[in-house]
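A.B. asks: You'll find protein-v6.txt just under this line, and it carries compact mmCIF, C-alpha atoms and all ligand atoms.
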```txt
# COMPACT_ATOMS: atom_id res chain seq x y z
CA MET A 1 90.39 101.08 102.65
CA THR A 2 90.46 102.11 99.00
CA VAL A 3 89.10 98.82 97.70
CA PRO A 4 85.47 98.38 98.80
CA TYR A 5 84.33 94.87 99.72
CA SER A 6 81.77 95.04 96.93
CA MET A 7 84.50 95.39 94.31
CA VAL A 8 85.30 92.17 92.47
CA LEU A 9 88.90 91.63 91.38
CA GLN A 10 88.85 89.87 88.04
CA PRO A 11 91.30 87.12 87.05
CA GLY A 12 94.48 88.76 85.82
CA ALA A 13 94.66 90.89 88.98
CA THR A 14 97.42 90.26 91.50
CA LEU A 15 96.55 88.97 94.98
CA GLY A 16 98.90 89.48 97.93
CA MET A 17 100.08 86.82 100.37
CA LEU A 18 101.91 87.61 103.61
CA GLY A 19 104.08 84.60 104.36
CA GLY A 20 106.07 82.24 102.18
CA GLY A 21 105.40 78.81 103.70
CA GLN A 22 103.47 75.87 102.33
CA LEU A 23 100.06 77.40 103.00
CA GLY A 24 101.09 80.43 100.94
CA ARG A 25 102.39 78.12 98.22
CA MET A 26 99.13 76.20 97.95
CA PHE A 27 97.25 79.52 97.90
CA CYS A 28 99.45 80.59 94.95
CA HIS A 29 98.64 77.41 93.03
CA ALA A 30 94.89 77.79 93.62
CA ALA A 31 94.83 81.53 92.81
CA GLN A 32 96.94 81.02 89.70
CA SER A 33 94.66 78.28 88.50
CA LEU A 34 91.81 80.82 88.66
CA GLY A 35 93.91 83.19 86.53
CA TYR A 36 95.21 85.47 89.29
CA LYS A 37 98.80 86.46 89.85
CA VAL A 38 100.29 86.48 93.35
CA VAL A 39 102.80 88.67 95.15
CA VAL A 40 104.35 87.03 98.22
CA LEU A 41 106.07 88.94 101.01
CA GLU A 42 108.36 86.80 103.14
CA PRO A 43 111.64 87.42 105.00
CA SER A 44 113.60 84.57 103.41
CA SER A 45 114.27 84.19 99.69
CA ALA A 46 113.31 81.12 97.62
CA SER A 47 110.56 80.21 100.09
CA PRO A 48 107.95 77.56 99.17
CA ALA A 49 105.45 80.29 98.21
CA GLY A 50 107.94 82.90 96.99
CA SER A 51 109.37 80.50 94.47
CA VAL A 52 106.01 79.90 92.75
CA ALA A 53 104.57 83.45 92.99
CA GLU A 54 104.81 85.91 90.10
CA GLN A 55 106.33 88.50 92.46
CA GLU A 56 108.45 87.85 95.53
CA VAL A 57 109.18 90.62 98.02
CA VAL A 58 111.90 89.58 100.46
CA ALA A 59 111.33 91.69 103.57
CA ALA A 60 110.42 91.40 107.23
CA TYR A 61 106.67 91.36 107.93
CA ASP A 62 106.92 94.68 109.74
CA ASP A 63 109.15 96.38 107.15
CA GLU A 64 107.01 99.25 105.82
CA ASN A 65 109.22 99.63 102.75
CA GLY A 66 108.65 95.97 101.89
CA LEU A 67 104.92 96.28 102.53
CA ALA A 68 104.86 99.38 100.30
CA VAL A 69 106.54 97.42 97.49
CA MET A 70 103.88 94.75 97.91
CA LEU A 71 101.18 97.43 97.60
CA GLN A 72 102.61 98.50 94.24
CA HIS A 73 101.53 95.10 92.93
CA THR A 74 98.25 94.37 94.67
CA GLN A 75 95.00 95.77 96.05
CA ALA A 76 94.12 92.77 98.21
CA VAL A 77 96.23 90.95 100.78
CA THR A 78 95.73 87.82 102.87
CA THR A 79 98.01 85.84 105.18
CA GLU A 80 99.06 82.27 105.79
CA PHE A 81 99.80 82.52 109.51
CA GLU A 82 98.31 84.16 112.58
CA ASN A 83 101.43 85.75 113.99
CA VAL A 84 101.77 88.42 111.35
CA PRO A 85 102.06 91.75 113.20
CA ALA A 86 98.65 93.41 113.52
CA ALA A 87 100.37 96.74 112.76
CA SER A 88 101.39 95.40 109.33
CA LEU A 89 97.82 94.41 108.51
CA LYS A 90 96.72 97.87 109.60
CA PHE A 91 99.39 99.53 107.44
CA LEU A 92 98.31 97.52 104.40
CA SER A 93 94.65 98.25 105.03
CA HIS A 94 95.16 101.99 104.43
CA THR A 95 95.42 101.27 100.72
CA ALA A 96 94.41 97.64 100.18
CA ARG A 97 91.70 95.16 101.08
CA VAL A 98 93.08 93.03 103.88
CA SER A 99 91.47 89.78 104.95
CA PRO A 100 91.46 88.71 107.68
CA SER A 101 91.43 92.08 109.42
CA ALA A 102 93.95 93.19 112.04
CA ALA A 103 91.13 93.20 114.61
CA ALA A 104 90.13 89.57 113.92
CA VAL A 105 93.74 88.37 113.89
CA ALA A 106 94.45 90.18 117.17
CA VAL A 107 91.79 88.06 118.90
CA VAL A 108 93.04 84.70 117.67
CA GLN A 109 96.74 85.54 118.17
CA ASP A 110 96.19 85.51 121.90
CA ARG A 111 94.75 82.42 123.59
CA ILE A 112 93.32 84.54 126.42
CA ALA A 113 91.37 86.80 124.06
CA GLU A 114 90.51 83.81 121.85
CA LYS A 115 89.04 81.69 124.64
CA ALA A 116 87.12 84.63 126.10
CA PHE A 117 85.72 85.45 122.66
CA ILE A 118 84.61 81.87 121.93
CA ALA A 119 82.96 81.60 125.34
CA SER A 120 81.25 84.98 124.78
CA GLN A 121 79.54 83.44 121.74
CA GLY A 122 77.94 80.79 123.95
CA ILE A 123 80.27 78.05 122.63
CA PRO A 124 81.76 75.72 125.27
CA VAL A 125 85.54 75.83 125.84
CA ALA A 126 87.65 73.81 128.27
CA PRO A 127 87.49 75.24 131.81
CA TYR A 128 90.47 77.58 132.11
CA ALA A 129 92.10 80.37 134.06
CA GLU A 130 94.03 83.36 132.73
CA VAL A 131 97.57 83.33 134.07
CA ARG A 132 99.69 86.47 134.11
CA THR A 133 101.44 86.07 137.47
CA VAL A 134 102.43 83.31 139.89
CA ALA A 135 99.63 84.61 142.12
CA ASP A 136 97.09 83.72 139.41
CA LEU A 137 98.31 80.13 139.62
CA GLU A 138 98.24 80.15 143.41
CA GLN A 139 94.60 81.20 143.22
CA ALA A 140 93.56 78.96 140.30
CA ASP A 141 90.66 76.64 140.99
CA GLU A 142 91.80 73.23 142.27
CA THR A 143 89.34 71.51 139.89
CA LEU A 144 91.44 72.65 136.89
CA PHE A 145 94.14 70.07 137.69
CA PRO A 146 95.52 68.01 136.01
CA ALA A 147 95.88 70.74 133.42
CA ILE A 148 97.76 72.06 130.42
CA LEU A 149 99.59 75.36 130.70
CA LYS A 150 99.64 77.05 127.29
CA ALA A 151 101.54 80.22 126.47
CA ALA A 152 98.97 82.76 125.27
CA ARG A 153 100.99 83.77 122.22
CA LEU A 154 103.12 82.15 119.51
CA GLY A 155 102.39 78.49 120.34
CA TYR A 156 101.89 75.91 117.58
CA ASP A 157 102.27 72.14 117.05
CA GLY A 158 102.22 71.61 120.83
CA LYS A 159 105.07 74.10 121.40
CA GLY A 160 104.80 76.50 124.34
CA GLN A 161 102.77 73.97 126.35
CA ALA A 162 103.31 71.92 129.46
CA ARG A 163 101.14 69.21 130.97
CA VAL A 164 100.98 69.77 134.71
CA LYS A 165 99.51 67.48 137.35
CA SER A 166 99.52 69.98 140.18
CA ARG A 167 99.73 73.65 141.13
CA VAL A 168 103.41 73.21 142.02
CA GLU A 169 104.19 71.80 138.58
CA ALA A 170 102.18 74.58 136.96
CA ILE A 171 104.19 77.27 138.76
CA GLU A 172 107.41 75.53 137.76
CA ALA A 173 106.32 75.41 134.11
CA PHE A 174 105.16 79.04 134.20
CA LYS A 175 108.60 80.10 135.44
CA SER A 176 110.32 77.97 132.78
CA PHE A 177 108.24 79.84 130.16
CA GLY A 178 109.70 83.11 131.50
CA GLU A 179 106.39 84.07 133.16
CA VAL A 180 104.75 85.05 129.86
CA ALA A 181 100.94 85.30 129.84
CA CYS A 182 99.33 81.84 129.68
CA VAL A 183 96.07 79.99 129.96
CA LEU A 184 95.79 77.09 132.38
CA GLU A 185 93.36 74.62 130.87
CA LYS A 186 91.75 71.62 132.48
CA MET A 187 92.85 68.31 130.90
CA LEU A 188 89.73 66.87 129.30
CA PRO A 189 89.00 63.23 128.38
CA LEU A 190 89.10 63.41 124.57
CA LYS A 191 87.29 60.88 122.44
CA GLN A 192 88.16 62.55 119.15
CA GLU A 193 89.76 65.71 117.83
CA VAL A 194 87.93 67.22 114.89
CA SER A 195 88.06 70.43 112.90
CA VAL A 196 85.86 72.50 110.67
CA VAL A 197 87.32 74.58 107.87
CA MET A 198 84.99 77.24 106.56
CA ALA A 199 84.98 80.32 104.38
CA ARG A 200 83.11 83.58 104.81
CA GLY A 201 82.78 86.06 101.97
CA PHE A 202 82.56 89.86 102.15
CA ASP A 203 78.80 89.58 101.54
CA GLY A 204 78.47 87.46 104.71
CA SER A 205 77.92 84.20 102.81
CA THR A 206 79.46 81.15 104.46
CA ALA A 207 80.47 77.66 103.36
CA THR A 208 81.65 74.88 105.68
CA PHE A 209 83.71 71.88 104.64
CA PRO A 210 82.93 68.42 106.07
CA LEU A 211 84.25 67.64 109.53
CA GLY A 212 87.73 66.08 109.60
CA VAL A 213 88.88 63.72 112.37
CA ASN A 214 92.47 64.53 113.33
CA THR A 215 95.27 62.50 114.88
CA HIS A 216 98.40 64.14 116.28
CA ILE A 217 101.80 62.58 116.95
CA ASN A 218 104.21 64.50 119.19
CA GLY A 219 101.88 67.52 118.99
CA ILE A 220 102.02 67.64 115.17
CA LEU A 221 99.03 66.77 113.01
CA SER A 222 99.60 63.32 111.55
CA SER A 223 96.37 62.52 109.71
CA SER A 224 92.92 63.84 108.92
CA VAL A 225 90.17 61.38 108.07
CA VAL A 226 87.00 62.47 106.30
CA GLY A 227 83.91 60.50 105.41
CA ILE A 228 85.12 57.24 106.98
CA GLU A 229 84.68 57.31 110.75
CA ALA A 230 81.07 57.57 111.86
CA ILE A 231 80.39 61.02 113.30
CA ASP A 232 77.07 61.83 114.94
CA PRO A 233 75.39 64.19 112.44
CA ALA A 234 74.18 66.32 115.37
CA ILE A 235 77.78 66.84 116.52
CA GLU A 236 78.93 67.69 113.00
CA GLU A 237 76.07 70.16 112.68
CA ALA A 238 76.88 71.73 116.07
CA ALA A 239 80.57 72.10 115.13
CA LYS A 240 79.73 73.73 111.80
CA ASN A 241 77.26 76.09 113.45
CA ALA A 242 79.83 77.02 116.09
CA ALA A 243 82.45 77.75 113.40
CA VAL A 244 80.03 79.97 111.48
CA LYS A 245 79.04 81.73 114.70
CA ILE A 246 82.69 82.42 115.52
CA ALA A 247 83.44 83.78 112.04
CA THR A 248 80.33 85.94 112.03
CA GLY A 249 80.94 87.21 115.57
CA LEU A 250 84.50 88.17 114.65
CA ASN A 251 83.28 89.93 111.50
CA TYR A 252 85.76 87.64 109.82
CA PHE A 253 86.28 87.41 106.06
CA GLY A 254 88.37 84.63 104.60
CA VAL A 255 89.07 81.00 105.41
CA MET A 256 89.08 79.90 109.03
CA CYS A 257 89.59 76.62 110.85
CA VAL A 258 88.15 75.83 114.25
CA GLU A 259 89.57 72.86 116.16
CA PHE A 260 87.20 71.04 118.48
CA PHE A 261 87.39 68.25 121.02
CA ILE A 262 84.67 65.62 121.21
CA LEU A 263 84.74 64.45 124.82
CA GLU A 264 84.15 60.90 126.08
CA ASP A 265 80.60 61.94 127.00
CA ASP A 266 80.05 63.33 123.46
CA HIS A 267 80.17 66.97 124.52
CA LEU A 268 81.69 69.30 121.97
CA VAL A 269 84.32 71.83 123.11
CA ALA A 270 85.99 74.43 120.89
CA ASN A 271 89.77 74.45 121.26
CA GLU A 272 91.35 77.03 118.97
CA ILE A 273 90.89 79.13 115.85
CA ALA A 274 93.26 79.44 112.91
CA PRO A 275 92.57 82.59 110.83
CA ARG A 276 93.68 80.91 107.59
CA PRO A 277 93.56 77.58 105.77
CA HIS A 278 94.70 74.79 108.05
CA ASN A 279 96.69 71.57 107.76
CA SER A 280 93.55 69.63 108.68
CA GLY A 281 91.84 71.10 105.59
CA HIS A 282 94.43 69.88 103.10
CA TYR A 283 92.17 66.96 102.24
CA THR A 284 89.87 69.45 100.45
CA MET A 285 92.47 69.81 97.68
CA ASN A 286 91.48 66.48 96.17
CA ALA A 287 88.36 65.42 98.05
CA CYS A 288 86.03 68.40 97.59
CA LEU A 289 84.60 70.32 94.65
CA SER A 290 86.72 73.31 95.70
CA SER A 291 89.70 73.44 98.01
CA GLN A 292 90.27 75.59 101.09
CA PHE A 293 92.92 77.52 99.12
CA GLU A 294 90.57 78.16 96.23
CA GLN A 295 88.06 79.50 98.78
CA GLN A 296 90.74 81.80 100.19
CA ALA A 297 91.41 83.20 96.70
CA ARG A 298 87.70 83.50 95.94
CA VAL A 299 87.02 85.45 99.13
CA LEU A 300 89.98 87.78 98.63
CA ALA A 301 88.92 88.52 95.05
CA GLY A 302 85.30 89.10 96.09
CA MET A 303 84.12 86.14 94.02
CA PRO A 304 81.31 83.75 95.10
CA LEU A 305 82.33 80.88 97.38
CA GLY A 306 82.84 77.46 95.79
CA SER A 307 81.03 74.24 96.66
CA THR A 308 82.42 72.37 99.66
CA GLU A 309 80.81 69.07 98.68
CA LEU A 310 82.85 65.95 99.54
CA LEU A 311 83.37 63.71 96.51
CA ALA A 312 84.70 60.62 98.26
CA PRO A 313 86.09 59.33 101.57
CA THR A 314 89.64 60.60 102.07
CA ILE A 315 92.63 60.35 104.37
CA MET A 316 95.25 63.08 104.48
CA LEU A 317 98.66 61.97 105.76
CA ASN A 318 101.30 64.54 106.60
CA ILE A 319 104.82 63.89 105.35
CA LEU A 320 107.45 65.02 107.85
CA GLY A 321 111.19 65.31 107.33
CA ASP A 322 111.47 62.12 109.43
CA SER A 323 110.59 60.17 106.28
CA TRP A 324 113.99 61.17 104.83
CA PHE A 325 115.67 59.45 107.78
CA ALA A 326 113.63 56.23 107.85
CA HIS A 327 116.72 54.18 106.95
CA GLY A 328 119.48 56.02 108.80
CA ASP A 329 121.05 59.34 109.69
CA GLN A 330 121.89 60.17 106.07
CA ALA A 331 118.97 62.02 104.46
CA GLN A 332 117.51 59.88 101.69
CA GLU A 333 114.63 60.76 99.34
CA PRO A 334 111.55 58.62 100.10
CA ASP A 335 110.32 56.19 97.44
CA TRP A 336 107.87 58.54 95.71
CA ALA A 337 107.34 56.22 92.76
CA SER A 338 105.82 53.59 95.05
CA VAL A 339 103.56 56.22 96.61
CA LEU A 340 102.42 57.47 93.21
CA ALA A 341 101.82 53.92 91.98
CA LEU A 342 98.84 53.62 94.34
CA PRO A 343 95.54 54.63 92.69
CA GLY A 344 93.89 57.81 93.98
CA VAL A 345 96.94 58.89 95.95
CA HIS A 346 97.70 62.59 95.42
CA LEU A 347 101.16 63.76 96.42
CA HIS A 348 101.76 67.38 97.47
CA LEU A 349 105.34 68.40 98.24
CA TYR A 350 106.16 71.89 99.42
CA GLY A 351 109.51 72.41 97.71
CA LYS A 352 111.49 72.82 100.94
CA ALA A 353 115.20 72.60 100.33
CA GLU A 354 116.16 70.68 103.44
CA ALA A 355 114.40 67.80 105.20
CA ARG A 356 114.56 68.00 108.98
CA LYS A 357 112.90 65.80 111.56
CA GLY A 358 109.54 67.26 112.62
CA ARG A 359 109.44 69.61 109.61
CA LYS A 360 106.33 69.49 107.42
CA MET A 361 107.60 68.60 103.92
CA GLY A 362 104.34 67.66 102.20
CA HIS A 363 101.22 65.57 102.46
CA VAL A 364 99.29 62.93 100.55
CA ASN A 365 95.56 62.77 100.00
CA ILE A 366 94.23 59.27 99.54
CA VAL A 367 90.83 59.43 97.84
CA ASN A 368 88.61 56.50 96.96
CA LYS A 369 84.87 55.79 96.81
CA ASP A 370 85.55 52.63 98.86
CA PRO A 371 86.55 53.52 102.45
CA ALA A 372 88.24 50.11 102.86
CA LEU A 373 90.57 50.94 99.96
CA VAL A 374 91.33 54.39 101.44
CA LEU A 375 92.43 52.67 104.64
CA GLN A 376 94.43 50.04 102.75
CA TYR A 377 96.29 52.59 100.60
CA ALA A 378 96.88 54.77 103.67
CA ARG A 379 98.59 51.83 105.39
CA GLN A 380 100.69 51.22 102.28
CA VAL A 381 101.73 54.88 102.01
CA SER A 382 102.58 54.90 105.69
CA ASP A 383 104.72 51.76 105.29
CA ILE A 384 106.60 53.34 102.38
CA LEU A 385 107.27 56.56 104.32
CA HIS A 386 108.26 55.11 107.72
P1 LIG A 401 98.57 73.91 119.28
O1 LIG A 401 98.55 75.36 119.01
O2 LIG A 401 99.93 73.40 119.58
O3 LIG A 401 97.85 73.10 118.23
P2 LIG A 401 96.43 73.01 121.05
O4 LIG A 401 95.72 73.87 122.01
O5 LIG A 401 95.66 72.58 119.86
O6 LIG A 401 97.78 73.75 120.65
O7 LIG A 401 96.95 71.72 121.83
C1 LIG A 401 97.71 70.71 121.22
C2 LIG A 401 97.13 69.33 121.52
O8 LIG A 401 97.13 69.10 122.93
C3 LIG A 401 95.68 69.16 121.11
O9 LIG A 401 95.60 68.78 119.75
C4 LIG A 401 95.21 68.07 122.06
O10 LIG A 401 95.63 66.80 121.62
C5 LIG A 401 95.96 68.37 123.34
N1 LIG A 401 95.15 69.22 124.23
C6 LIG A 401 95.11 70.57 124.21
N2 LIG A 401 94.27 71.04 125.16
C7 LIG A 401 93.77 69.97 125.80
C8 LIG A 401 92.85 69.79 126.89
N3 LIG A 401 92.29 70.83 127.50
N4 LIG A 401 92.57 68.52 127.28
C9 LIG A 401 93.14 67.46 126.68
N5 LIG A 401 94.01 67.56 125.66
C10 LIG A 401 94.33 68.79 125.20
MG MG A 402 95.89 72.87 117.84
```
Would you mind writing the structure in this file as structure tokens?
Ligand code: ADP
Ligand code: MG
C.D. replies:
Amino acid sequence: MTVPYSMVLQPGATLGMLGGGQLGRMFCHAAQSLGYKVVVLEPSSASPAGSVAEQEVVAAYDDENGLAVMLQHTQAVTTEFENVPAASLKFLSHTARVSPSAAAVAVVQDRIAEKAFIASQGIPVAPYAEVRTVADLEQADETLFPAILKAARLGYDGKGQARVKSRVEAIEAFKSFGEVACVLEKMLPLKQEVSVVMARGFDGSTATFPLGVNTHINGILSSSVVGIEAIDPAIEEAAKNAAVKIATGLNYFGVMCVEFFILEDDHLVANEIAPRPHNSGHYTMNACLSSQFEQQARVLAGMPLGSTELLAPTIMLNILGDSWFAHGDQAQEPDWASVLALPGVHLHLYGKAEARKGRKMGHVNIVNKDPALVLQYARQVSDILH
């Protein structure tokens, strides 16, 4: 690496982003607001991030010519998704600062390595078995059923998963996945799903955002609620400590999200790690003194971390393409004016050309000192969008 961690990149410098989706776009906005420029590398043109960055390199993630063009513009590169080829991160790291590192990303790209790593840190995970062959399923502990079979790689938003009641069903699902490596996880009785977004700087400093309580619909995050539902402070503390332990153990620099389950009996179980800002941290954009994207830019530039203090209770609601089809099969723009008429409602749209069902198009953050008003406005926004 030619750019030591101790070197601070001053505003005016160009930061690199691998990936052109909405997370990259919101990184651009935050970095630009600090005075940085951004170069985005992404395979498709006019992407959400590419269209707001100062420089757009249209190339495959593993195209060394494209990566080399990116390196002409920047000395520091981060990513917006975990499936970027580790070899690309390695290639970039010969001349630039790359965060997160190829080594850290390699662990979280693979559920088998990820679960083993989390458990190795003394943090509870759901009971599971590694599955590489049908024989592994034949030998899996009976107490794991009913279970969820999850493909080890490339799963997201509930994709690459099957809920299986029995060994027979698990083998069937494994075959339907094409016998790719999987984890078989015991179904746990969930009381709540929560997540911690945190940042870790090159000097080892860490900052954790408040715990968000997440609701999913059809495997896709629907809402994150912060500062409204009562959370046992001991559980919040344990989740934050676990997230910091994971980041430190991975020698991770950047923004990370750890998803947890709170079980019916109040036990805390870590579920998965995202090596980047996360949908469940979008509330920070309007609810905290600094956002998860600002933290990502600060870390990459070698600047001090910002304050994660929560200013007011907040609900984040995702906006899916379904909202364009609330009144029929013909896509129709939702009534944004009515959304924006509600006080303290912040609208974030990602600039995607086409609305499709299940596609993340944007989100709203509903912020108010009075939790009752947050809930009321959230219901109103939801009524307008559905
Ligand atoms: P993804 O990468 O799709 O987010 P997750 O591992 O987070 O995959 O699983 C998706 C959802 O499935 C979780 O948010 C949770 O609701 C449910 N789920 C996953 N694992 C378990 C489990 N062991 N027990 C109960 N529910 C689970
Ligand atoms: Mg998840």
A.B. asks: So which residues touch A:Phe117 within 9 Å, counting all atoms listed in the file, skipping near sequence neighbours fewer than 5 positions away, as a short mmCIF file (atom, residue, chain, number, x, y, z; two decimals) with C-alpha atoms, in the frame of the given file?
C.D. replies:
```
data_model
loop_
_atom_site.label_atom_id
_atom_site.label_comp_id
_atom_site.auth_asym_id
_atom_site.auth_seq_id
_atom_site.Cartn_x
_atom_site.Cartn_y
_atom_site.Cartn_z
CA VAL A 107 91.79 88.06 118.90
CA VAL A 108 93.04 84.70 117.67
CA ILE A 112 93.32 84.54 126.42
CA ILE A 246 82.69 82.42 115.52
CA GLY A 249 80.94 87.21 115.57
CA LEU A 250 84.50 88.17 114.65
#
```
A.B. asks: Quick one: pull the distance between atom CA of A:Gly306 and atom CA of A:Ser291, Å, one decimal.
C.D. replies: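 That distance, rounded to one decimal, is 8.3 Å.
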A.B. asks: Got a sec: who's within 10 Å of A:Ala126, counting all atoms listed in the file, leaving out chain neighbours fewer than 2 positions off, as a list in words?
C.D. replies: Lys115, Ala119, Pro124, Tyr128, Ala129, Leu144, Leu184, Glu185, Lys186, Met187, Leu188, Phe261, Leu268, Val269, Ala270 and Asn271 of chain A
A.B. asks: What do you get as an MDAnalysis selection string if you pick all residues at most 8 Å from ligand LIG 401 (chain A), counting all atoms listed in the file?
C.D. replies: chainID A and resid 126:127 147:148 150 155:161 185:190 193 215:216 219:221 259 261 271:272
A.B. asks: Restricting the output to C-alpha atoms, write the selected residues as a PDB file, in the frame of the given file.
C.D. replies:
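The resulting again31.pdb:
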```
ATOM      1  CA  ALA A 126      87.650  73.810 128.270  1.00  0.00           C
ATOM      2  CA  PRO A 127      87.490  75.240 131.810  1.00  0.00           C
ATOM      3  CA  ALA A 147      95.880  70.740 133.420  1.00  0.00           C
ATOM      4  CA  ILE A 148      97.760  72.060 130.420  1.00  0.00           C
ATOM      5  CA  LYS A 150      99.640  77.050 127.290  1.00  0.00           C
ATOM      6  CA  GLY A 155     102.390  78.490 120.340  1.00  0.00           C
ATOM      7  CA  TYR A 156     101.890  75.910 117.580  1.00  0.00           C
ATOM      8  CA  ASP A 157     102.270  72.140 117.050  1.00  0.00           C
ATOM      9  CA  GLY A 158     102.220  71.610 120.830  1.00  0.00           C
ATOM     10  CA  LYS A 159     105.070  74.100 121.400  1.00  0.00           C
ATOM     11  CA  GLY A 160     104.800  76.500 124.340  1.00  0.00           C
ATOM     12  CA  GLN A 161     102.770  73.970 126.350  1.00  0.00           C
ATOM     13  CA  GLU A 185      93.360  74.620 130.870  1.00  0.00           C
ATOM     14  CA  LYS A 186      91.750  71.620 132.480  1.00  0.00           C
ATOM     15  CA  MET A 187      92.850  68.310 130.900  1.00  0.00           C
ATOM     16  CA  LEU A 188      89.730  66.870 129.300  1.00  0.00           C
ATOM     17  CA  PRO A 189      89.000  63.230 128.380  1.00  0.00           C
ATOM     18  CA  LEU A 190      89.100  63.410 124.570  1.00  0.00           C
ATOM     19  CA  GLU A 193      89.760  65.710 117.830  1.00  0.00           C
ATOM     20  CA  THR A 215      95.270  62.500 114.880  1.00  0.00           C
ATOM     21  CA  HIS A 216      98.400  64.140 116.280  1.00  0.00           C
ATOM     22  CA  GLY A 219     101.880  67.520 118.990  1.00  0.00           C
ATOM     23  CA  ILE A 220     102.020  67.640 115.170  1.00  0.00           C
ATOM     24  CA  LEU A 221      99.030  66.770 113.010  1.00  0.00           C
ATOM     25  CA  GLU A 259      89.570  72.860 116.160  1.00  0.00           C
ATOM     26  CA  PHE A 261      87.390  68.250 121.020  1.00  0.00           C
ATOM     27  CA  ASN A 271      89.770  74.450 121.260  1.00  0.00           C
ATOM     28  CA  GLU A 272      91.350  77.030 118.970  1.00  0.00           C
TER      29      GLU A 272
END
```
A.B. asks: Report, in Å with one decimal, the straight-line distance from atom CA of A:Leu317 to atom CA of A:Arg356.
C.D. replies: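 Taking atom CA of A:Leu317 as the start and atom CA of A:Arg356 as the end point, the length is 17.3 Å.
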A.B. asks: What gap, in Å, lies between atom CA of A:Phe27 and atom CA of A:Val105?
C.D. replies: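 Atom-to-atom, atom CA of A:Phe27 to atom CA of A:Val105, that is 18.6 Å.
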A.B. asks: From the options A:Gln32, A:Thr79, A:Ser280, A:Thr248, which residue's atoms come nearest to ligand MG 402 (chain A), counting all atoms listed in the file?
C.D. replies: A:Ser280
A.B. asks: Could you give me, as number ranges by chain, the residues within 6 Å of stretch 294-297 of chain A, counting only C-alpha atoms and dropping anything in the same chain fewer than 2 positions from it?
C.D. replies: A: 30-31, 254-255, 291-292, 299-300
A.B. asks: With C-alpha atoms kept, could you save the residues just selected as a PDB file, in the coordinates of the input?
C.D. replies:
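Below is the file again06.pdb, written as the result:
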```pdb
ATOM      1  CA  ALA A  30      94.890  77.790  93.620  1.00  0.00           C
ATOM      2  CA  ALA A  31      94.830  81.530  92.810  1.00  0.00           C
ATOM      3  CA  GLY A 254      88.370  84.630 104.600  1.00  0.00           C
ATOM      4  CA  VAL A 255      89.070  81.000 105.410  1.00  0.00           C
ATOM      5  CA  SER A 291      89.700  73.440  98.010  1.00  0.00           C
ATOM      6  CA  GLN A 292      90.270  75.590 101.090  1.00  0.00           C
ATOM      7  CA  VAL A 299      87.020  85.450  99.130  1.00  0.00           C
ATOM      8  CA  LEU A 300      89.980  87.780  98.630  1.00  0.00           C
TER       9      LEU A 300
END
```
A.B. asks: Choose the residue, out of A:Asn279, A:Ser47, A:Gln121, A:Ser88, that has the smallest atom-to-atom separation from ligand MG 402 (chain A); count only C-alpha atoms and all ligand atoms.
C.D. replies: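 Among the listed residues, the smallest separation from ligand MG 402 (chain A) belongs to A:Asn279.
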A.B. asks: Any idea what's packed within 12 Å of A:Ala247, counting only C-alpha atoms, ignoring anything in its chain fewer than 4 positions away? Could you give it as a PyMOL selection string?
C.D. replies: chain A and resi 100-101+104-105+107-108+117-118+121+196-202+204-208+240-243+251-258+273-276
A.B. asks: Which polymer residues have any atom within 10 Å of an atom of A:Ser6, counting all atoms listed in the file, with same-chain residues fewer than 4 positions away left out, as a list in words?
C.D. replies: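 These residues fall inside the cut-off: Phe202, Asp203, Ala301, Gly302 and Met303 of chain A.
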A.B. asks: Using only C-alpha atoms and all ligand atoms, can you tell me which of A:Leu41, A:Ala53, A:Ala230, A:Ile217 comes closest to ligand MG 402 (chain A)?
C.D. replies: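 Looking at the shortest contact to ligand MG 402 (chain A), the residue is A:Ile217.
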A.B. asks: Please determine, counting only C-alpha atoms and all ligand atoms, which residue among A:Arg111, A:Lys191, A:Lys175, A:Arg167 has the shortest atom-to-atom distance to ligand MG 402 (chain A).
C.D. replies: A:Arg111
A.B. asks: For a quick check of understanding, using only C-alpha atoms, which of A:Arg298, A:Ala151, A:His267, A:Ala13 has the smallest distance to A:Ala234?
C.D. replies: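 Once distances to A:Ala234 are computed over only C-alpha atoms, the minimum belongs to A:His267.
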A.B. asks: Can you tell me, as JSON, the centre and edge lengths (Å, one decimal) of the axis-aligned box enclosing all of stretch 346-364 of chain A's listed atoms after padding each side by 8 Å?
C.D. replies:
```
{"center_x": 106.9, "center_y": 67.7, "center_z": 104.0, "size_x": 34.5, "size_y": 26.2, "size_z": 33.2}
```
A.B. asks: May I ask which of the residues A:Asn65, A:Ser176, A:Ser195, A:Gln75 is the closest one to ligand MG 402 (chain A), counting all atoms listed in the file?
C.D. replies: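 Looking at the shortest contact to ligand MG 402 (chain A), the residue is A:Ser195.
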